[in-house]
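Step one of this worksheet: look at the structure below.
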Amino acid sequence: MTAPAWVPQTRDRRWSCASPSQEAITFHRTLDSYAPTPLVELPDLARELGVGHVFAKDESFRLGLPAFKALGASWAIHRALRDRRRDEPLTIVTATDGNHGRAVARFARLLGHRAAIVVPPGVHPSAVQAIVDEGADVTAIDGSYDDAVAAAAQLADDIGGVLVQDTAWQGYEEIPGWIVEGYATLFEEADEQLSAAGLTHPDLVLVPAGVGSLLQAALAHYRGDRAPAGTAVVSVEPDAAACMGPSLDAGEPVTVPTGITVMSGLNCGTPSSLAWPYIRDGLDAALAITDDAGLRAARDLAALGVEAGPCGGAGLAAARQALTGDGADERRSHLGIDESSIVLLVITEGSDANPLPEVGNVPAELS
């Protein structure tokens, strides 16, 4: 079944939530490797999309790693281990499509602990090797990302490890909540950078969504009780693994079968239980994009000086799909976008995290 490309939601604009705690942001700023990631203005894309400004929040080098995942992993591991005896090495366990696993392995190693990482099929070999190079034990399984999560949870139980997973389910929500808190730093920085440029909050934010933890962080930020009103938030997924739109249609979390996609970090078929209430009450629309559109967007961003991996290009592909072409007037109206609007693209990973296939060399199962 092909996922619907555009699923709008008419939300109650009076709904808000508690704004994120500043605790994780304060923690990140104490790290030796911390620096705000760039917010890059892209006027050529603003002209193409018919808006006032387009900015890319470039997460291609975050805390020494090529993806935003370092924010959540560093804070969650810090919190999970804060009250434990540090002289007893532990094994930190997680499932990953690539970047989260590498981040968990890195910060486990830095803190003197081991890491055991479970990966499903489709993760780029270079991403797997990067996890191994962090000193982690990697187990490859057959099956979906959801199967890998189940395997990681079982492994953590079997060996007495600490599961640091970036999706939640009933009975497992505290650590995923810390991961979401860690992602708040990204959006706090973007606000500060826009303010320094003499601009206010973005009018539209496009968020690549796997299980929805980064999306939850975006919604907590832009729907928070301290946030100004008026920012539309749209989720972006590959059409091979698009669970947000079907979940919005159903009014409850839906698990969808997943295929193979170059956007391996977004190849997730079930929304996080922790993220779902924010998605249900705060999301403006869900978009599903093709691999071809995502790859074209990543290459176009590279030509403009932003080296995005396939997941990193997803926001631009979605912006084009939402704001241009047949039916664009209706979509723009739904999102409240006009020629003066500010659009924020979250570039979740650099090309070092997940290399782009050579032009004309996309494997048949991905095309």
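The way I read the labels, and the way they are meant: chains A, B, ... in the order of the structure tokens, residue 1 as the first residue of every chain, and ligand 1 as the first ligand shown, with later ones counted on from there.
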Given only C-alpha atoms, how would the per-residue table for region 185-275 of chain A near region 2-6 of chain A read, listing every residue at most 9 Å away with its closest atom pair and distance in Å to one decimal, sorted by chain and number, as a Markdown table?
```
| residue | atom | partner | partner_atom | distance |
| --- | --- | --- | --- | --- |
| A:Pro238 | CA | A:Ala3 | CA | 8.9 |
| A:Asp239 | CA | A:Ala3 | CA | 5.6 |
| A:Ala240 | CA | A:Ala3 | CA | 7.6 |
| A:Ala241 | CA | A:Ala3 | CA | 8.1 |
| A:Ala242 | CA | A:Ala3 | CA | 6.2 |
| A:Cys243 | CA | A:Ala3 | CA | 8.3 |
| A:Gly245 | CA | A:Pro4 | CA | 7.1 |
| A:Pro246 | CA | A:Ala3 | CA | 7.7 |
```
| message | Quick one: residues within 12 Å of Ser247 (chain A), only C-alpha atoms, excluding same-chain residues fewer than 4 positions away - as a ChimeraX atom specification? | response | /A:3-4,7-9,211-212,242-243,251-256,269-273,275-277,279-280,283,285-286
| field | Best match for closeness to Arg14 (chain A) among A:Phe27, A:Ala73, A:Arg223, A:Val138, counting only C-alpha atoms | value | A:Arg223
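Distance check against Arg62 (chain A) using only C-alpha atoms: of A:Gly350, A:Pro176, A:Gly50, A:Pro228, the minimum falls on A:Gly350.
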| request: Write out as an NGL selection string the residues lying within 9 Å of Gly135 (chain A), counting only C-alpha atoms and excluding same-chain residues fewer than 6 positions away. | output: :A and (105-106 or 109 or 114-115)
